[in-house]
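**Q** Pasting final26.cif below, which is mmCIF, C-alpha atoms.
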data_input
#
loop_
_atom_site.label_atom_id
_atom_site.label_comp_id
_atom_site.auth_asym_id
_atom_site.auth_seq_id
_atom_site.Cartn_x
_atom_site.Cartn_y
_atom_site.Cartn_z
CA MET A 1005 0.00 0.00 0.00
CA GLU A 1006 1.09 3.56 -0.74
CA ASN A 1007 0.47 6.78 1.20
CA ARG A 1008 0.52 9.55 -1.38
CA THR A 1009 -0.36 12.50 0.87
CA GLY A 1010 -1.15 13.15 4.52
CA VAL A 1011 -3.13 10.03 5.50
CA GLN A 1012 -1.28 9.07 8.68
CA GLU A 1013 -4.01 6.95 10.24
CA PHE A 1014 -7.37 5.34 9.59
CA ILE A 1015 -10.50 5.35 11.75
CA LEU A 1016 -12.19 1.97 12.23
CA GLU A 1017 -15.95 2.42 12.45
CA GLY A 1018 -16.44 -0.82 14.39
CA PHE A 1019 -20.04 -1.58 15.37
CA PRO A 1020 -21.82 1.77 16.00
CA ALA A 1021 -25.10 0.05 16.91
CA VAL A 1022 -23.58 -1.65 19.99
CA GLN A 1023 -20.81 0.84 20.76
CA HIS A 1024 -22.76 2.26 23.74
CA GLN A 1025 -22.63 -1.22 25.34
CA GLY A 1026 -18.87 -1.31 24.92
CA LYS A 1027 -17.91 -3.02 28.19
CA VAL A 1028 -20.50 -5.78 27.89
CA VAL A 1029 -19.58 -6.49 24.28
CA PHE A 1030 -15.91 -6.28 25.26
CA LEU A 1031 -16.35 -9.01 27.89
CA VAL A 1032 -18.23 -11.27 25.46
CA HIS A 1033 -15.56 -10.95 22.78
CA LEU A 1034 -12.73 -11.23 25.32
CA LEU A 1035 -14.20 -14.48 26.65
CA ALA A 1036 -14.61 -15.89 23.13
CA TYR A 1037 -11.04 -14.84 22.25
CA LEU A 1038 -9.51 -16.37 25.39
CA VAL A 1039 -11.43 -19.63 24.94
CA SER A 1040 -10.31 -19.81 21.30
CA ILE A 1041 -6.63 -19.15 22.12
CA ALA A 1042 -6.71 -21.52 25.11
CA GLY A 1043 -8.37 -24.29 23.10
CA ASN A 1044 -5.86 -24.05 20.27
CA ALA A 1045 -2.97 -23.80 22.75
CA VAL A 1046 -4.13 -26.97 24.54
CA LEU A 1047 -4.42 -28.78 21.22
CA VAL A 1048 -0.89 -27.77 20.16
CA THR A 1049 0.61 -28.53 23.58
CA ILE A 1050 -1.02 -31.93 23.97
CA THR A 1051 0.15 -32.91 20.49
CA PHE A 1052 3.77 -32.13 21.32
CA VAL A 1053 3.57 -33.77 24.77
CA ASP A 1054 1.78 -37.01 23.86
CA ALA A 1055 3.69 -39.42 21.62
CA HIS A 1056 0.47 -41.02 20.33
CA LEU A 1057 -0.58 -37.72 18.72
CA GLN A 1058 2.71 -37.09 16.93
CA THR A 1059 1.32 -38.17 13.59
CA PRO A 1060 0.97 -36.30 10.27
CA MET A 1061 -2.71 -35.58 10.93
CA TYR A 1062 -2.01 -33.82 14.22
CA PHE A 1063 1.06 -32.10 12.80
CA PHE A 1064 -1.11 -30.38 10.19
CA LEU A 1065 -3.78 -29.73 12.79
CA CYS A 1066 -1.19 -27.99 14.99
CA ILE A 1067 -0.11 -25.77 12.11
CA PHE A 1068 -3.75 -24.95 11.44
CA SER A 1069 -4.34 -24.14 15.14
CA ILE A 1070 -1.30 -21.84 15.25
CA CYS A 1071 -2.56 -20.05 12.14
CA GLU A 1072 -5.97 -19.69 13.78
CA CYS A 1073 -4.35 -17.99 16.80
CA TYR A 1074 -2.54 -15.49 14.56
CA PHE A 1075 -5.63 -15.01 12.42
CA THR A 1076 -7.85 -14.23 15.41
CA SER A 1077 -5.33 -12.13 17.34
CA THR A 1078 -4.66 -9.91 14.32
CA VAL A 1079 -8.28 -8.73 14.32
CA ILE A 1080 -9.76 -9.25 17.78
CA CYS A 1081 -7.09 -7.46 19.82
CA LYS A 1082 -7.85 -4.15 18.09
CA LEU A 1083 -11.60 -4.80 18.28
CA LEU A 1084 -11.30 -5.30 22.05
CA VAL A 1085 -9.50 -1.93 22.34
CA ILE A 1086 -12.33 -0.29 20.37
CA PHE A 1087 -15.00 -1.76 22.67
CA LEU A 1088 -13.16 -1.05 25.93
CA LEU A 1089 -11.46 2.32 25.32
CA GLY A 1090 -13.31 3.62 22.29
CA THR A 1091 -9.98 4.12 20.48
CA GLN A 1092 -10.91 3.65 16.85
CA THR A 1093 -7.78 5.03 15.19
CA ILE A 1094 -5.13 2.80 13.66
CA SER A 1095 -1.90 4.00 12.08
CA PHE A 1096 -1.25 3.58 8.39
CA ALA A 1097 1.58 1.09 9.05
CA ALA A 1098 -0.48 -0.91 11.57
CA CYS A 1099 -3.39 -1.05 9.11
CA PHE A 1100 -1.08 -2.34 6.38
CA ILE A 1101 0.36 -5.01 8.72
CA GLN A 1102 -3.12 -6.06 9.88
CA THR A 1103 -4.35 -6.43 6.30
CA PHE A 1104 -1.29 -8.38 5.23
CA VAL A 1105 -1.26 -10.79 8.19
CA PHE A 1106 -5.03 -11.34 8.07
CA VAL A 1107 -5.20 -12.15 4.37
CA PHE A 1108 -1.87 -14.01 4.32
CA VAL A 1109 -2.68 -16.29 7.26
CA GLY A 1110 -6.30 -16.70 6.13
CA SER A 1111 -5.21 -17.82 2.67
CA ALA A 1112 -2.65 -20.18 4.17
CA CYS A 1113 -5.41 -21.72 6.32
CA PHE A 1114 -7.41 -22.65 3.23
CA LEU A 1115 -4.40 -24.27 1.58
CA ILE A 1116 -3.54 -26.15 4.79
CA ILE A 1117 -7.12 -27.46 4.87
CA ALA A 1118 -6.53 -28.90 1.40
CA VAL A 1119 -3.34 -30.54 2.66
CA MET A 1120 -5.24 -31.99 5.63
CA SER A 1121 -7.76 -33.49 3.19
CA LEU A 1122 -4.97 -35.11 1.19
CA ASP A 1123 -3.49 -36.44 4.42
CA ARG A 1124 -6.79 -38.14 5.31
CA TYR A 1125 -7.02 -39.54 1.77
CA VAL A 1126 -3.56 -41.11 1.94
CA ALA A 1127 -4.19 -42.42 5.47
CA ILE A 1128 -7.35 -44.25 4.35
CA PHE A 1129 -6.33 -45.43 0.88
CA ARG A 1130 -2.60 -46.08 1.50
CA PRO A 1131 -2.47 -47.07 5.19
CA LEU A 1132 0.63 -49.28 4.87
CA HIS A 1133 2.62 -46.65 2.96
CA TYR A 1134 1.17 -43.70 4.90
CA PRO A 1135 4.15 -43.13 7.27
CA THR A 1136 6.56 -43.30 4.33
CA ILE A 1137 4.58 -41.04 2.00
CA VAL A 1138 3.69 -38.38 4.58
CA ASN A 1139 7.05 -38.29 6.35
CA MET A 1140 8.46 -35.27 8.19
CA ARG A 1141 10.20 -33.90 5.10
CA THR A 1142 6.98 -34.11 3.06
CA ARG A 1143 5.02 -32.38 5.83
CA PHE A 1144 7.41 -29.43 6.01
CA LEU A 1145 7.48 -29.14 2.22
CA LEU A 1146 3.67 -29.08 2.01
CA VAL A 1147 3.32 -26.49 4.79
CA SER A 1148 6.11 -24.35 3.30
CA ALA A 1149 4.40 -24.50 -0.11
CA CYS A 1150 1.12 -23.30 1.45
CA PHE A 1151 2.78 -20.28 3.06
CA ALA A 1152 4.91 -19.49 0.02
CA MET A 1153 1.89 -19.56 -2.33
CA SER A 1154 -0.18 -17.47 0.07
CA PHE A 1155 2.62 -14.89 0.47
CA THR A 1156 3.11 -14.52 -3.28
CA LEU A 1157 -0.59 -14.08 -4.02
CA ILE A 1158 -1.34 -11.68 -1.18
CA THR A 1159 1.65 -9.43 -1.87
CA VAL A 1160 0.27 -8.89 -5.37
CA LYS A 1161 -3.11 -7.95 -3.93
CA ILE A 1162 -2.32 -5.33 -1.30
CA SER A 1163 0.67 -3.73 -3.00
CA GLN A 1164 -1.64 -2.17 -5.63
CA LEU A 1165 -3.49 0.19 -3.25
CA SER A 1166 -2.74 3.87 -2.64
CA PHE A 1167 -4.49 6.42 -0.40
CA CYS A 1168 -4.85 10.19 -0.45
CA GLY A 1169 -8.27 11.13 0.92
CA PRO A 1170 -11.00 9.80 3.29
CA ASN A 1171 -9.75 7.65 6.15
CA VAL A 1172 -12.89 6.23 7.85
CA ILE A 1173 -13.05 2.46 7.33
CA PRO A 1174 -16.63 1.09 7.60
CA HIS A 1175 -15.40 -2.09 9.26
CA PHE A 1176 -13.88 -3.27 12.55
CA PHE A 1177 -10.49 -4.05 10.99
CA CYS A 1178 -8.46 -3.22 7.88
CA ASP A 1179 -9.93 -5.64 5.36
CA LEU A 1180 -9.34 -5.49 1.60
CA GLY A 1181 -12.88 -4.53 0.55
CA PRO A 1182 -13.18 -1.37 2.71
CA LEU A 1183 -9.61 -0.35 1.86
CA MET A 1184 -10.37 -0.61 -1.86
CA HIS A 1185 -13.41 1.58 -1.23
CA LEU A 1186 -11.15 4.29 0.28
CA SER A 1187 -8.34 4.03 -2.23
CA CYS A 1188 -7.84 7.08 -4.45
CA SER A 1189 -6.39 5.07 -7.31
CA ASP A 1190 -8.38 3.15 -9.92
CA THR A 1191 -9.30 -0.07 -8.11
CA LYS A 1192 -11.04 -1.83 -11.00
CA TYR A 1193 -7.93 -3.86 -11.86
CA VAL A 1194 -7.19 -4.57 -8.19
CA GLU A 1195 -10.77 -5.71 -7.54
CA ILE A 1196 -10.66 -8.09 -10.50
CA LEU A 1197 -7.25 -9.35 -9.42
CA ALA A 1198 -8.41 -9.80 -5.82
CA PHE A 1199 -11.49 -11.70 -7.02
CA ILE A 1200 -9.44 -14.00 -9.28
CA LEU A 1201 -6.84 -14.72 -6.59
CA ALA A 1202 -9.48 -15.30 -3.91
CA LEU A 1203 -11.36 -17.59 -6.29
CA PHE A 1204 -8.13 -19.44 -7.07
CA ILE A 1205 -7.36 -20.06 -3.40
CA PHE A 1206 -10.93 -21.09 -2.56
CA LEU A 1207 -11.36 -23.31 -5.61
CA THR A 1208 -7.95 -24.95 -5.20
CA SER A 1209 -8.72 -25.80 -1.60
CA LEU A 1210 -12.34 -26.76 -2.32
CA ILE A 1211 -11.64 -28.98 -5.35
CA ILE A 1212 -8.83 -30.88 -3.59
CA THR A 1213 -11.00 -31.29 -0.50
CA LEU A 1214 -14.10 -32.40 -2.45
CA ILE A 1215 -12.16 -34.95 -4.52
CA ALA A 1216 -10.44 -36.37 -1.43
CA TYR A 1217 -13.60 -36.57 0.67
CA SER A 1218 -15.84 -37.87 -2.11
CA HIS A 1219 -13.53 -40.88 -2.40
CA ILE A 1220 -13.37 -41.19 1.39
CA VAL A 1221 -17.17 -41.06 1.80
CA VAL A 1222 -17.69 -43.72 -0.89
CA THR A 1223 -15.17 -45.96 0.87
CA ILE A 1224 -16.69 -45.33 4.31
CA VAL A 1225 -20.18 -46.24 3.12
CA HIS A 1226 -18.92 -49.61 1.88
CA LEU A 1227 -17.11 -50.55 5.08
CA PRO A 1228 -18.17 -54.04 6.24
CA THR A 1229 -18.82 -53.39 9.94
CA ALA A 1230 -20.57 -50.66 11.90
CA LYS A 1231 -17.54 -50.24 14.18
CA GLU A 1232 -15.22 -49.50 11.26
CA LEU A 1233 -17.82 -47.15 9.79
CA GLN A 1234 -18.11 -45.20 13.06
CA LYS A 1235 -14.33 -44.96 13.47
CA ALA A 1236 -13.78 -43.71 9.92
CA PHE A 1237 -16.64 -41.23 10.14
CA SER A 1238 -15.45 -39.78 13.48
CA THR A 1239 -12.01 -39.16 11.97
CA CYS A 1240 -13.37 -37.08 9.10
CA SER A 1241 -16.60 -35.53 10.44
CA SER A 1242 -14.85 -32.90 12.58
CA HIS A 1243 -12.79 -31.80 9.60
CA LEU A 1244 -15.93 -31.48 7.47
CA MET A 1245 -17.67 -29.39 10.15
CA VAL A 1246 -14.74 -26.95 10.22
CA LEU A 1247 -14.78 -26.77 6.42
CA SER A 1248 -18.48 -25.87 6.35
CA LEU A 1249 -18.02 -23.00 8.80
CA LEU A 1250 -14.89 -21.62 7.17
CA TYR A 1251 -15.99 -21.86 3.53
CA GLY A 1252 -19.46 -20.49 4.19
CA SER A 1253 -18.40 -17.19 5.76
CA CYS A 1254 -15.35 -16.58 3.55
CA VAL A 1255 -17.07 -17.27 0.23
CA PHE A 1256 -19.83 -14.80 1.21
CA ILE A 1257 -17.26 -12.07 1.94
CA TYR A 1258 -14.53 -12.48 -0.66
CA VAL A 1259 -15.67 -14.47 -3.69
CA LYS A 1260 -17.50 -11.71 -5.54
CA PRO A 1261 -16.32 -9.42 -8.33
CA LYS A 1262 -17.17 -6.14 -6.57
CA GLN A 1263 -15.39 -5.95 -3.20
CA THR A 1264 -16.97 -2.62 -2.23
CA ASN A 1265 -20.54 -3.98 -2.30
CA ARG A 1266 -22.38 -5.07 0.86
CA LEU A 1267 -19.77 -3.71 3.30
CA ASP A 1268 -22.27 -3.74 6.18
CA SER A 1269 -23.26 -7.38 5.66
CA ASN A 1270 -19.57 -8.24 5.26
CA ARG A 1271 -18.96 -6.86 8.73
CA GLU A 1272 -21.29 -9.38 10.37
CA ALA A 1273 -19.98 -12.25 8.24
CA ALA A 1274 -16.39 -11.28 9.08
CA LEU A 1275 -17.29 -11.43 12.78
CA VAL A 1276 -18.40 -15.03 12.31
CA ASN A 1277 -15.19 -15.75 10.43
CA THR A 1278 -12.86 -14.14 12.99
CA VAL A 1279 -14.64 -14.94 16.29
CA VAL A 1280 -17.15 -17.79 15.99
CA THR A 1281 -15.26 -20.17 13.68
CA PRO A 1282 -11.90 -19.98 15.55
CA LEU A 1283 -13.83 -20.51 18.79
CA LEU A 1284 -15.58 -23.64 17.51
CA ASN A 1285 -12.58 -25.24 15.79
CA PRO A 1286 -10.70 -26.42 18.92
CA VAL A 1287 -14.00 -27.42 20.55
CA ILE A 1288 -14.92 -29.57 17.53
CA TYR A 1289 -11.51 -31.17 17.30
CA THR A 1290 -11.21 -31.91 21.03
CA LEU A 1291 -14.75 -32.83 22.08
CA ARG A 1292 -15.27 -35.13 19.09
CA ASN A 1293 -11.87 -36.82 19.19
CA LYS A 1294 -11.27 -39.84 21.43
CA GLN A 1295 -7.51 -39.73 20.89
CA VAL A 1296 -7.32 -36.18 22.20
CA HIS A 1297 -9.55 -37.15 25.14
CA GLN A 1298 -7.23 -40.00 26.02
CA ALA A 1299 -4.13 -37.85 25.62
CA LEU A 1300 -5.58 -35.19 27.92
CA LYS A 1301 -6.42 -37.79 30.56
CA GLU A 1302 -2.95 -39.31 30.42
CA THR A 1303 -1.24 -35.92 30.58
CA THR A 1304 -3.40 -34.83 33.52
CA HIS A 1305 -2.65 -38.11 35.27
CA ARG A 1306 1.12 -37.67 34.75
CA MET A 1307 0.93 -34.12 36.11
CA LYS A 1308 -0.85 -35.35 39.26
CA ILE A 1309 1.79 -38.05 39.81
CA ALA A 1310 4.59 -35.51 39.31
CA ARG A 1311 3.17 -33.38 42.13
#
Could you write out this structure as structure tokens?

**A**
Amino acid sequence: MENRTGVQEFILEGFPAVQHQGKVVFLVHLLAYLVSIAGNAVLVTITFVDAHLQTPMYFFLCIFSICECYFTSTVICKLLVIFLLGTQTISFAACFIQTFVFVFVGSACFLIIAVMSLDRYVAIFRPLHYPTIVNMRTRFLLVSACFAMSFTLITVKISQLSFCGPNVIPHFFCDLGPLMHLSCSDTKYVEILAFILALFIFLTSLIITLIAYSHIVVTIVHLPTAKELQKAFSTCSSHLMVLSLLYGSCVFIYVKPKQTNRLDSNREAALVNTVVTPLLNPVIYTLRNKQVHQALKETTHRMKIAR
């Protein structure tokens, strides 16, 4: 982003309708944020502590959880300041960083989801070769590729914007759509580029995920026993629930040709994307996963013995 004249800071509009209830809304969002961070932190910690969870599936899940923490913190911390102190200003540099981190980490999350789908596919269809195929080197290469692709695409997006006039952002954080609306340069090309790149990331992730899970579902349905069916379904159902939440809100916000349309409705959808979904992800993965339950029990038991 470029600052052509005297725009030193932006003003985040936030949620004017509930701004008078700042402290109450602050406590609600603070609680949701702390639960989300704590849930993801427990998931990452228990994976590193328990040897049974040190598998490719939980490795990718840990990366996803760490990304979720960054993704949420980038937006919610400033929103909490707005609700508590009423400080709605954000510097030009801070706005740029917030936009970059939000879109970069968010894009990486979608690509990591695709990798997680491939991991489940290999685990089910190539169980004997699974440890060899998805070894540590392959895991790091896949994760590095996700971040590298996300970085390249997002740099192209936000580097095209310049500002020289109005500085009130009709949103609670520096998102691409509202920033394009304020930009003094011709944003037609940037909007088309943003739409194409967003569509590319979503479709890449969605197509890989759909192909992987369509094969998995067909296989699950033909399993011979109910016990095997239940075990296979429990492994994949939590992942599918997360996918539904994440794709639904993000497609509504970003996959449209005109980014400056429906800014008000985008604000509510973005709140779901940045608060509700990250809050539910660790809950879904922990409460619906027997391996995590067992690992938590064993770790708690070891801690009691150590005392």

**Q** Apply the PyMOL selection byres ((chain A and resi 1138-1145) around 10) to the file shown and report the selected residues as a list in words.

**A**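 Listing what the PyMOL selection byres ((chain A and resi 1138-1145) around 10) selects in the shown file: Thr1059, Pro1060, Met1061, Phe1063, Phe1064, Val1119, Leu1122, Asp1123, Val1126, Ala1127, His1133, Tyr1134, Pro1135, Thr1136, Ile1137, Leu1146, Val1147, Ser1148, Ala1149 and Cys1150 of chain A.
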
**Q** Rounded to one decimal, what separation in Å do you get between atom CA of A:Met1184 and atom CA of A:Gly1090?

**A** 24.7 Å

**Q** For A:Glu1017, list every protein, DNA or RNA residue within 10 Å, evaluated using all atoms listed in the file, and leave out those in the same chain fewer than 2 positions away; present the list as a list in words.

**A**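 Counting only the stated atoms, we get Phe1014, Ile1015, Phe1019, Pro1020, Gln1023, Ile1086, Gln1092, Thr1093, Val1172, Ile1173, Pro1174, His1175, Phe1176 and Phe1177 of chain A.
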
**Q** Here's the selection I'm unsure about, the PyMOL selection byres ((chain A and resi 1187-1191) around 8); applied to the file above, which residues does it give, as a list in words?

**A**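 Taken on the displayed file, the PyMOL selection byres ((chain A and resi 1187-1191) around 8) yields the residues Leu1165, Ser1166, Phe1167, Cys1168, Gly1169, Leu1183, Met1184, His1185, Leu1186, Lys1192, Tyr1193, Val1194 and Glu1195 of chain A.
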
**Q** What does the file look like for those residues with C-alpha atoms, as a PDB file, in the coordinates of the input?

**A**
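The result, stored in selection_9.pdb:
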ATOM      1  CA  LEU A1165      -3.490   0.190  -3.250  1.00  0.00           C
ATOM      2  CA  SER A1166      -2.740   3.870  -2.640  1.00  0.00           C
ATOM      3  CA  PHE A1167      -4.490   6.420  -0.400  1.00  0.00           C
ATOM      4  CA  CYS A1168      -4.850  10.190  -0.450  1.00  0.00           C
ATOM      5  CA  GLY A1169      -8.270  11.130   0.920  1.00  0.00           C
ATOM      6  CA  LEU A1183      -9.610  -0.350   1.860  1.00  0.00           C
ATOM      7  CA  MET A1184     -10.370  -0.610  -1.860  1.00  0.00           C
ATOM      8  CA  HIS A1185     -13.410   1.580  -1.230  1.00  0.00           C
ATOM      9  CA  LEU A1186     -11.150   4.290   0.280  1.00  0.00           C
ATOM     10  CA  LYS A1192     -11.040  -1.830 -11.000  1.00  0.00           C
ATOM     11  CA  TYR A1193      -7.930  -3.860 -11.860  1.00  0.00           C
ATOM     12  CA  VAL A1194      -7.190  -4.570  -8.190  1.00  0.00           C
ATOM     13  CA  GLU A1195     -10.770  -5.710  -7.540  1.00  0.00           C
TER      14      GLU A1195
END

**Q** Determine, counting all atoms listed in the file, which protein, DNA and RNA residues have an atom within 9 Å of an atom of A:Asp1179; residues of the same chain fewer than 6 positions away are not included. Present the result as a VMD selection string.

**A** chain A and resid 1099 1102 to 1103 1106 to 1107 1173

**Q** Record the distance separating atom CA of A:Ile1200 and atom CA of A:Ala1216, expressed in Å with one decimal.

**A** 23.7 Å

**Q** Env of A:Cys1066: 12 Å cut, atoms = only C-alpha atoms, seq-sep filter 5 positions within chain, self excluded. Answer as a list in words.

**A**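 The residues that qualify are Gly1043, Asn1044, Ala1045, Val1046, Leu1047, Val1048, Thr1049, Ile1050, Thr1051, Phe1052, Leu1057, Gln1058, Thr1059, Pro1060, Met1061, Cys1071, Glu1072, Cys1073, Cys1113, Ile1116, Ile1117, Met1120, Arg1143, Val1147, Asn1285, Pro1286 and Tyr1289 of chain A.
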